[in-house]
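Heads up: the structure comes next, in structure tokens.
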Amino acid sequence: MVVNTHIRTLLDIDDIPTKVRALRRAFTAYTESIDLTGEEALALIVLVNLTHPKKNDVDLLDIKLARKTLKNQSYINSCINEVPWMHTHNLKYPDIRVSRQNLRVKVPPLHSGILSSANCYRTLGWSHDSAKINFSKLFCCHFIWQNKIRCLADILCDMPIEWKKAFNKLGMPVNQFEDICTRIKGLLPDETVPNAVDRYSIQVRMPYHDGYVAITPVLSHAVQAEIQQAAIKKQGSFTQLKFTRPASVSELVASLGGSIYALNYPPRTQSRVFTKSDNVLHQLLSQKSLFRHQVLSRVQFAKVIDELLSNSVALTLKQRRQQKIACLKQIRKFLAEWLEQIIDLRTELKDKSFLIKSLELGHIIDSLEFRLLTFSDAQLPELLGPLLGLLNTEMSNSISTGQYAFHQKLMPTFRKSLKWLITHSVSEATHAQYSEIESTQRYFYLKGIRVFDAQALSTPYCAGVPSLTAVWGMMHNFQRRLNERLGTQLRMTSFSWFIRQFSFVKGKKLPELGMHGTAGKEFRRPGIIDNRYCDLVFDLIIHIDGYEQDLEDLDNQLEIVKSSFPASFAGGVMHPPGLDEPGDWCDLYKSETALFAQLKKLPLSGQWVMPTKFNFVNVDQLLYLLDVNTSLCPVMFGYLPLTKPDKRAGSIEPLHCYAETVIGIVECTSAIEVRLQGQVNYFNRAFWMLEAKEQSMLMKRI
């Protein structure tokens, strides 16, 4: 059980400047809340003195200053006037030009497998006029009181006797205290929703009944605050976003000096592209090993092994199981990379028996590679012992993994992983011989699509894999354009996504010139908003459904299909492969077997973005999962509507609602692992669809 720090602990600090810094830090949103129970009078002194500018070098425990401040009715009124600007979701993040609007709503319903404000303690932030930020601290700062996270504005709505005594002790009459409580209760309703959409607020269209609804995505103060707390404790991987006018964004951003943290988990694609090559056979004939021994020397491989061996130090039984399963999957992934070229060449040799004669003439019959390539399916298990010995020998020659070679606790794990790879490489080769069976369904296979300057900050909370809803939005745009050109009613129901290459774009974008100012008559650039952008190359497989006649019309119109392809993705510019690159970038398949035969050729350097079954209930559990399983990445999963769709001025659709962006986790799986798991597993597991309901609009596995 976690015991929160009590304010008495900070009072025991002897050095006064250190004590003042600790107290000031304790009342910020980016640190865990401090317990004030039993010390209400002392806490009130600190809260009142926090309203004075830090530059005045105020002693937060100065009781005379606190008494003087509470007697200044005009000053207290200024603090009370900031209560209506306390929010659950910040409309001014990240664009401070949104003004005179506030959003305070109830917690959305809890959904498994995603992170939203429903998974966090309900806390209120503040965002308004930057000149009044200090006035907000008296009633907005959060702390623990009577085992609950509260703020003074929330507490005074109930007029508790403990705080009445605290105010009275500092010279405030009872009638004035009761008047303040009554005023605050009237200024802090459960819900405050704007009746118009600000022109600087982002709007996106989402399906709703038979049409569309305009959604303004907003971030939760509670989620953002807990992510900052985790970043301060260094519990995960983070990147910093910098704001030049932090006090105009929110009290939380201002308390961090304008440097806000976001989760940073990009997909682990490799810069070098590994593909099957005609040189593999020549490499073997030249007596060069087909094993990719460099994989066994990676620091990441050593880290996974170390985590598996130290499994017993996890806090709970559930966490120990999660860590063990994650480590076993990653070990199998590394070993699959180690054997990748052999598995590829073995599949080719089944169809090209004449190549075996070339190998026999190359005087390499006694090598382990030759036996792995030429032994029958029934004989392959005989090579498990020599393969395990080679694995440990190569590990012993590595600086990073040498200590784990021939480890008695690892030998059974390595043996099981190698046996799985050998067994599935046999079944995978067998599946490749199946005949193509046409069906009424269709699949688009879009290959090597390049995107420049795409939005890598899928939500305000995390950077890395672009939003899944951005992929769905691009696919939906593709569907509308295609149906308009063909005169059909085709539906693109789901997609599977393979990222070949990914890289962050350095630097910041210079905003475009436009008409700004209070009257919109000044031609200038808006302020630079820090963001994260990326360049990527990906393949997309889209499942198509429709009437039989529409599908038949589609079969002969591939050029129209290509001309209907959108030009933008996640805010970036999208291009098909260049003319100098071999092969067609857009294919239509009727057979799942024929399609999977092409997907098996994808490079090992890329990653499939796959659904997972992992659940978590808070930020700490999310970060724990990301730490023990490096193949997991957080990404935006969709929206939870916070208000009922309604008519609002400034909306791009007849109906509009505010919705919270939510985080889920995806598994970035290597091409060789998906290939070895087989065709049935791929089509049952790898596709995403949008599930749009009244209370949620989320991406999920089909």
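Residue numbers start at 1 in each chain; chains themselves are named A, B, ... in the order of the structure tokens; ligands are numbered from 1 in the order shown.
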10 Å contact set for Leu599 in chain A, only C-alpha atoms, chain neighbours under 3 positions out, as a PDB file with N, CA and C atoms, in the first residue's frame:
ATOM      1  N   TYR A 445      -4.370  -4.410 -51.716  1.00  0.00           N
ATOM      2  CA  TYR A 445      -3.039  -4.458 -51.115  1.00  0.00           C
ATOM      3  C   TYR A 445      -2.254  -3.266 -51.651  1.00  0.00           C
ATOM      4  N   PHE A 498       1.084  -2.488 -42.005  1.00  0.00           N
ATOM      5  CA  PHE A 498       2.488  -2.900 -41.863  1.00  0.00           C
ATOM      6  C   PHE A 498       3.374  -1.680 -42.105  1.00  0.00           C
ATOM      7  N   ASP A 539       2.671  -0.491 -45.771  1.00  0.00           N
ATOM      8  CA  ASP A 539       1.760  -1.270 -46.610  1.00  0.00           C
ATOM      9  C   ASP A 539       0.409  -1.305 -45.905  1.00  0.00           C
ATOM     10  N   ILE A 541      -3.441  -3.250 -46.098  1.00  0.00           N
ATOM     11  CA  ILE A 541      -4.348  -4.240 -46.666  1.00  0.00           C
ATOM     12  C   ILE A 541      -5.759  -3.859 -46.233  1.00  0.00           C
ATOM     13  N   THR A 593      -5.386 -16.767 -49.693  1.00  0.00           N
ATOM     14  CA  THR A 593      -4.141 -17.532 -49.827  1.00  0.00           C
ATOM     15  C   THR A 593      -3.152 -16.815 -50.737  1.00  0.00           C
ATOM     16  N   ALA A 594      -3.657 -16.294 -51.854  1.00  0.00           N
ATOM     17  CA  ALA A 594      -2.781 -15.571 -52.778  1.00  0.00           C
ATOM     18  C   ALA A 594      -2.249 -14.298 -52.137  1.00  0.00           C
ATOM     19  N   LEU A 595      -3.101 -13.628 -51.372  1.00  0.00           N
ATOM     20  CA  LEU A 595      -2.664 -12.403 -50.694  1.00  0.00           C
ATOM     21  C   LEU A 595      -1.602 -12.712 -49.651  1.00  0.00           C
ATOM     22  N   PHE A 596      -1.837 -13.741 -48.843  1.00  0.00           N
ATOM     23  CA  PHE A 596      -0.877 -14.066 -47.789  1.00  0.00           C
ATOM     24  C   PHE A 596       0.459 -14.518 -48.362  1.00  0.00           C
ATOM     25  N   LEU A 602       7.295  -9.810 -47.080  1.00  0.00           N
ATOM     26  CA  LEU A 602       7.587  -8.506 -46.485  1.00  0.00           C
ATOM     27  C   LEU A 602       8.905  -8.536 -45.720  1.00  0.00           C
ATOM     28  N   PRO A 603       9.623  -7.414 -45.688  1.00  0.00           N
ATOM     29  CA  PRO A 603      10.955  -7.391 -45.057  1.00  0.00           C
ATOM     30  C   PRO A 603      10.891  -7.504 -43.548  1.00  0.00           C
ATOM     31  N   ALA A 671       7.651  -9.310 -39.234  1.00  0.00           N
ATOM     32  CA  ALA A 671       7.064  -9.986 -40.392  1.00  0.00           C
ATOM     33  C   ALA A 671       7.260 -11.492 -40.316  1.00  0.00           C
ATOM     34  N   VAL A 674       4.643 -13.126 -37.820  1.00  0.00           N
ATOM     35  CA  VAL A 674       3.296 -13.209 -38.386  1.00  0.00           C
ATOM     36  C   VAL A 674       3.246 -14.291 -39.457  1.00  0.00           C
ATOM     37  N   ARG A 675       4.291 -14.358 -40.232  1.00  0.00           N
ATOM     38  CA  ARG A 675       4.358 -15.367 -41.295  1.00  0.00           C
ATOM     39  C   ARG A 675       4.342 -16.777 -40.736  1.00  0.00           C
ATOM     40  N   GLN A 679      -1.530 -18.223 -42.013  1.00  0.00           N
ATOM     41  CA  GLN A 679      -2.561 -17.447 -42.693  1.00  0.00           C
ATOM     42  C   GLN A 679      -3.819 -17.275 -41.851  1.00  0.00           C
TER      43      GLN A 679
END
Can you list, as number ranges by chain, every protein, DNA or RNA residue that comes within 8 Å of Thr269 in chain A when you count only C-alpha atoms, leaving out same-chain residues fewer than 4 positions away?
A: 499-502, 605-607
Output file for the residues above (C-alpha atoms, as a short mmCIF file (atom, residue, chain, number, x, y, z; two decimals), in the first residue's frame):
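Result went into result01.cif, see below:
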data_model
loop_
_atom_site.label_atom_id
_atom_site.label_comp_id
_atom_site.auth_asym_id
_atom_site.auth_seq_id
_atom_site.Cartn_x
_atom_site.Cartn_y
_atom_site.Cartn_z
CA ILE A 499 5.05 -0.14 -41.21
CA ARG A 500 8.19 -0.68 -43.29
CA GLN A 501 10.17 2.37 -42.18
CA PHE A 502 9.64 5.08 -39.55
CA SER A 605 12.93 -4.68 -40.91
CA GLY A 606 9.25 -3.66 -40.70
CA GLN A 607 6.55 -4.19 -38.10
#
Name the closest residue to Phe27 in chain A among the candidates A:Tyr533, A:Phe687, A:Tyr93, A:Phe139; distances are taken between atoms, counting only C-alpha atoms.
A:Phe139
I'd like the contact shell of range 457-472 of chain A - 9 Å cut-off, only C-alpha atoms, skipping same-chain residues fewer than 4 positions apart - returned as a PDB file with N, CA and C atoms, in the first residue's frame.
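Saved result, out-v1.pdb, follows:
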ATOM      1  N   TYR A  93      -5.544  23.684 -24.922  1.00  0.00           N
ATOM      2  CA  TYR A  93      -4.347  22.893 -25.216  1.00  0.00           C
ATOM      3  C   TYR A  93      -4.522  22.237 -26.582  1.00  0.00           C
ATOM      4  N   PRO A  94      -3.590  22.425 -27.522  1.00  0.00           N
ATOM      5  CA  PRO A  94      -2.337  23.179 -27.392  1.00  0.00           C
ATOM      6  C   PRO A  94      -2.430  24.612 -27.932  1.00  0.00           C
ATOM      7  N   VAL A 218     -10.482  16.725 -27.141  1.00  0.00           N
ATOM      8  CA  VAL A 218      -9.934  17.453 -25.993  1.00  0.00           C
ATOM      9  C   VAL A 218      -9.163  16.475 -25.120  1.00  0.00           C
ATOM     10  N   LEU A 219      -8.224  17.015 -24.343  1.00  0.00           N
ATOM     11  CA  LEU A 219      -7.442  16.146 -23.472  1.00  0.00           C
ATOM     12  C   LEU A 219      -7.892  16.300 -22.039  1.00  0.00           C
ATOM     13  N   VAL A 223      -5.629  12.790 -16.806  1.00  0.00           N
ATOM     14  CA  VAL A 223      -4.706  11.884 -17.494  1.00  0.00           C
ATOM     15  C   VAL A 223      -3.356  12.565 -17.714  1.00  0.00           C
ATOM     16  N   GLN A 224      -3.398  13.808 -18.175  1.00  0.00           N
ATOM     17  CA  GLN A 224      -2.145  14.517 -18.440  1.00  0.00           C
ATOM     18  C   GLN A 224      -1.338  14.708 -17.160  1.00  0.00           C
ATOM     19  N   ILE A 227       0.361  11.448 -16.170  1.00  0.00           N
ATOM     20  CA  ILE A 227       1.501  11.154 -17.051  1.00  0.00           C
ATOM     21  C   ILE A 227       2.703  12.002 -16.654  1.00  0.00           C
ATOM     22  N   PHE A 238       9.818   9.097 -22.426  1.00  0.00           N
ATOM     23  CA  PHE A 238       9.059  10.321 -22.646  1.00  0.00           C
ATOM     24  C   PHE A 238       9.811  11.280 -23.564  1.00  0.00           C
ATOM     25  N   THR A 239       9.053  12.171 -24.164  1.00  0.00           N
ATOM     26  CA  THR A 239       9.612  13.286 -24.918  1.00  0.00           C
ATOM     27  C   THR A 239       9.004  14.566 -24.378  1.00  0.00           C
ATOM     28  N   TYR A 261       5.470  16.694 -20.703  1.00  0.00           N
ATOM     29  CA  TYR A 261       5.946  15.370 -21.111  1.00  0.00           C
ATOM     30  C   TYR A 261       4.856  14.610 -21.856  1.00  0.00           C
ATOM     31  N   ALA A 262       5.279  13.832 -22.844  1.00  0.00           N
ATOM     32  CA  ALA A 262       4.388  12.916 -23.567  1.00  0.00           C
ATOM     33  C   ALA A 262       5.106  11.583 -23.715  1.00  0.00           C
ATOM     34  N   LEU A 263       4.364  10.502 -23.665  1.00  0.00           N
ATOM     35  CA  LEU A 263       4.939   9.171 -23.870  1.00  0.00           C
ATOM     36  C   LEU A 263       5.622   9.108 -25.232  1.00  0.00           C
ATOM     37  N   ASN A 264       6.750   8.438 -25.309  1.00  0.00           N
ATOM     38  CA  ASN A 264       7.521   8.382 -26.554  1.00  0.00           C
ATOM     39  C   ASN A 264       7.873   6.927 -26.865  1.00  0.00           C
ATOM     40  N   TYR A 265       7.032   6.289 -27.702  1.00  0.00           N
ATOM     41  CA  TYR A 265       7.238   4.885 -28.050  1.00  0.00           C
ATOM     42  C   TYR A 265       7.040   4.695 -29.550  1.00  0.00           C
ATOM     43  N   PRO A 266       8.051   5.030 -30.362  1.00  0.00           N
ATOM     44  CA  PRO A 266       7.941   4.813 -31.813  1.00  0.00           C
ATOM     45  C   PRO A 266       8.052   3.333 -32.146  1.00  0.00           C
ATOM     46  N   PRO A 267       7.552   2.911 -33.304  1.00  0.00           N
ATOM     47  CA  PRO A 267       7.717   1.508 -33.718  1.00  0.00           C
ATOM     48  C   PRO A 267       9.187   1.205 -33.961  1.00  0.00           C
ATOM     49  N   HIS A 476     -11.527   5.673 -45.124  1.00  0.00           N
ATOM     50  CA  HIS A 476     -12.906   6.110 -45.370  1.00  0.00           C
ATOM     51  C   HIS A 476     -12.957   7.150 -46.486  1.00  0.00           C
ATOM     52  N   ASN A 477     -11.972   8.029 -46.518  1.00  0.00           N
ATOM     53  CA  ASN A 477     -11.872   9.016 -47.602  1.00  0.00           C
ATOM     54  C   ASN A 477     -11.664   8.300 -48.940  1.00  0.00           C
ATOM     55  N   SER A 494     -12.401  -2.868 -42.913  1.00  0.00           N
ATOM     56  CA  SER A 494     -11.304  -3.036 -41.956  1.00  0.00           C
ATOM     57  C   SER A 494      -9.974  -2.960 -42.684  1.00  0.00           C
ATOM     58  N   PHE A 495      -8.895  -2.839 -41.911  1.00  0.00           N
ATOM     59  CA  PHE A 495      -7.562  -2.731 -42.512  1.00  0.00           C
ATOM     60  C   PHE A 495      -6.530  -3.432 -41.646  1.00  0.00           C
ATOM     61  N   TRP A 497      -2.194  -3.181 -41.101  1.00  0.00           N
ATOM     62  CA  TRP A 497      -1.197  -2.123 -41.306  1.00  0.00           C
ATOM     63  C   TRP A 497       0.204  -2.664 -41.024  1.00  0.00           C
ATOM     64  N   PHE A 502      10.178   3.985 -40.366  1.00  0.00           N
ATOM     65  CA  PHE A 502       9.644   5.076 -39.550  1.00  0.00           C
ATOM     66  C   PHE A 502      10.802   5.913 -39.049  1.00  0.00           C
ATOM     67  N   PHE A 504      11.414   9.986 -37.006  1.00  0.00           N
ATOM     68  CA  PHE A 504      10.921  11.285 -36.579  1.00  0.00           C
ATOM     69  C   PHE A 504      11.534  12.384 -37.440  1.00  0.00           C
ATOM     70  N   ASN A 531       5.329  20.192 -31.723  1.00  0.00           N
ATOM     71  CA  ASN A 531       4.636  18.984 -32.139  1.00  0.00           C
ATOM     72  C   ASN A 531       5.670  17.927 -32.487  1.00  0.00           C
ATOM     73  N   ARG A 532       5.214  16.771 -32.891  1.00  0.00           N
ATOM     74  CA  ARG A 532       6.100  15.708 -33.341  1.00  0.00           C
ATOM     75  C   ARG A 532       5.589  15.196 -34.683  1.00  0.00           C
ATOM     76  N   TYR A 533       6.482  15.159 -35.669  1.00  0.00           N
ATOM     77  CA  TYR A 533       6.125  14.702 -37.005  1.00  0.00           C
ATOM     78  C   TYR A 533       7.036  13.536 -37.387  1.00  0.00           C
ATOM     79  N   CYS A 534       6.588  12.778 -38.369  1.00  0.00           N
ATOM     80  CA  CYS A 534       7.367  11.604 -38.769  1.00  0.00           C
ATOM     81  C   CYS A 534       7.233  11.368 -40.271  1.00  0.00           C
ATOM     82  N   PHE A 569      -2.419  11.867 -45.204  1.00  0.00           N
ATOM     83  CA  PHE A 569      -2.570  10.897 -44.130  1.00  0.00           C
ATOM     84  C   PHE A 569      -2.023  11.507 -42.850  1.00  0.00           C
ATOM     85  N   ALA A 570      -2.846  11.556 -41.807  1.00  0.00           N
ATOM     86  CA  ALA A 570      -2.440  12.078 -40.495  1.00  0.00           C
ATOM     87  C   ALA A 570      -1.802  13.456 -40.616  1.00  0.00           C
ATOM     88  N   GLY A 571      -2.350  14.273 -41.495  1.00  0.00           N
ATOM     89  CA  GLY A 571      -1.831  15.621 -41.677  1.00  0.00           C
ATOM     90  C   GLY A 571      -0.598  15.708 -42.541  1.00  0.00           C
ATOM     91  N   VAL A 609       1.339  -3.685 -37.154  1.00  0.00           N
ATOM     92  CA  VAL A 609       0.654  -3.033 -36.035  1.00  0.00           C
ATOM     93  C   VAL A 609      -0.564  -3.900 -35.701  1.00  0.00           C
ATOM     94  N   CYS A 633       3.348  -0.628 -28.043  1.00  0.00           N
ATOM     95  CA  CYS A 633       3.421   0.822 -28.226  1.00  0.00           C
ATOM     96  C   CYS A 633       2.064   1.437 -27.901  1.00  0.00           C
ATOM     97  N   PRO A 634       2.033   2.590 -27.211  1.00  0.00           N
ATOM     98  CA  PRO A 634       0.762   3.281 -26.987  1.00  0.00           C
ATOM     99  C   PRO A 634       0.377   4.076 -28.227  1.00  0.00           C
ATOM    100  N   VAL A 635      -0.906   4.152 -28.505  1.00  0.00           N
ATOM    101  CA  VAL A 635      -1.379   4.870 -29.689  1.00  0.00           C
ATOM    102  C   VAL A 635      -2.820   5.282 -29.448  1.00  0.00           C
ATOM    103  N   MET A 636      -3.258   6.283 -30.179  1.00  0.00           N
ATOM    104  CA  MET A 636      -4.645   6.724 -30.046  1.00  0.00           C
ATOM    105  C   MET A 636      -5.592   5.676 -30.615  1.00  0.00           C
ATOM    106  N   PHE A 637      -6.624   5.340 -29.814  1.00  0.00           N
ATOM    107  CA  PHE A 637      -7.602   4.331 -30.209  1.00  0.00           C
ATOM    108  C   PHE A 637      -8.935   4.928 -30.636  1.00  0.00           C
ATOM    109  N   GLY A 638      -9.150   6.207 -30.376  1.00  0.00           N
ATOM    110  CA  GLY A 638     -10.425   6.803 -30.752  1.00  0.00           C
ATOM    111  C   GLY A 638     -10.889   7.830 -29.750  1.00  0.00           C
ATOM    112  N   THR A 661      -9.860  12.169 -26.256  1.00  0.00           N
ATOM    113  CA  THR A 661      -8.997  11.213 -26.955  1.00  0.00           C
ATOM    114  C   THR A 661      -8.477  10.183 -25.955  1.00  0.00           C
ATOM    115  N   VAL A 662      -8.398   8.929 -26.392  1.00  0.00           N
ATOM    116  CA  VAL A 662      -8.006   7.853 -25.477  1.00  0.00           C
ATOM    117  C   VAL A 662      -6.816   7.084 -26.041  1.00  0.00           C
ATOM    118  N   ILE A 663      -6.067   6.472 -25.136  1.00  0.00           N
ATOM    119  CA  ILE A 663      -4.873   5.701 -25.483  1.00  0.00           C
ATOM    120  C   ILE A 663      -5.150   4.210 -25.341  1.00  0.00           C
ATOM    121  N   TRP A 688      -8.113  -4.257 -38.210  1.00  0.00           N
ATOM    122  CA  TRP A 688      -8.732  -3.245 -37.357  1.00  0.00           C
ATOM    123  C   TRP A 688     -10.017  -2.727 -37.985  1.00  0.00           C
ATOM    124  N   MET A 689     -10.979  -2.392 -37.141  1.00  0.00           N
ATOM    125  CA  MET A 689     -12.205  -1.758 -37.602  1.00  0.00           C
ATOM    126  C   MET A 689     -12.635  -0.701 -36.588  1.00  0.00           C
ATOM    127  N   LEU A 690     -13.472   0.236 -37.028  1.00  0.00           N
ATOM    128  CA  LEU A 690     -14.000   1.268 -36.134  1.00  0.00           C
ATOM    129  C   LEU A 690     -15.363   0.818 -35.618  1.00  0.00           C
ATOM    130  N   LEU A 698     -14.321   3.755 -31.049  1.00  0.00           N
ATOM    131  CA  LEU A 698     -13.022   3.168 -30.778  1.00  0.00           C
ATOM    132  C   LEU A 698     -12.623   2.174 -31.859  1.00  0.00           C
ATOM    133  N   MET A 699     -11.311   2.091 -32.107  1.00  0.00           N
ATOM    134  CA  MET A 699     -10.761   1.074 -32.995  1.00  0.00           C
ATOM    135  C   MET A 699     -10.660  -0.239 -32.219  1.00  0.00           C
TER     136      MET A 699
END
Neighbours of Cys327 in chain A within 7 Å (only C-alpha atoms; same-chain residues fewer than 5 positions away dropped), as a JSON list (two decimals) with N, CA and C atoms, in the first residue's frame?
[["chain", "number", "residue", "atom", "x", "y", "z"],
["A", 304, "VAL", "N", 16.19, -8.57, -22.40],
["A", 304, "VAL", "CA", 15.03, -9.48, -22.30],
["A", 304, "VAL", "C", 15.40, -10.71, -21.47],
["A", 308, "LEU", "N", 13.81, -11.96, -17.85],
["A", 308, "LEU", "CA", 13.24, -13.29, -17.65],
["A", 308, "LEU", "C", 13.84, -13.96, -16.41],
["A", 629, "ASN", "N", 7.42, -5.38, -22.06],
["A", 629, "ASN", "CA", 7.25, -5.89, -23.42],
["A", 629, "ASN", "C", 7.57, -4.77, -24.41]]
My list of candidates is A:Cys151, A:Leu241, A:Leu380, A:Ile343. Which is closest to Ile260 in chain A when distances are computed with only C-alpha atoms?
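Smallest distance to Ile260 in chain A is found for A:Leu241.
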DSSP on the backbone, then: every residue of range 15-261 of chain A marked strand (DSSP E or B), written as a ChimeraX atom specification.
/A:35,86-87,89-90,103-104,115,125-126,142-145,148-151,192,196,204-208,211-220,238-242,259-261
I'd like the neighbourhood of Val666 in chain A as a VMD selection string, where a residue qualifies if any of its atoms comes within 6 Å (using only C-alpha atoms), though same-chain residues fewer than 6 positions away should be ignored.
chain A and resid 610 to 612 632 to 633
Okay, now the selection with C-alpha atoms, as a short mmCIF file (atom, residue, chain, number, x, y, z; two decimals), in the first residue's frame?
data_model
loop_
_atom_site.label_atom_id
_atom_site.label_comp_id
_atom_site.auth_asym_id
_atom_site.auth_seq_id
_atom_site.Cartn_x
_atom_site.Cartn_y
_atom_site.Cartn_z
CA MET A 610 -1.43 -5.72 -34.32
CA PRO A 611 -4.31 -5.66 -31.81
CA THR A 612 -3.60 -7.02 -28.33
CA LEU A 632 4.08 -2.81 -27.28
CA CYS A 633 3.42 0.82 -28.23
#
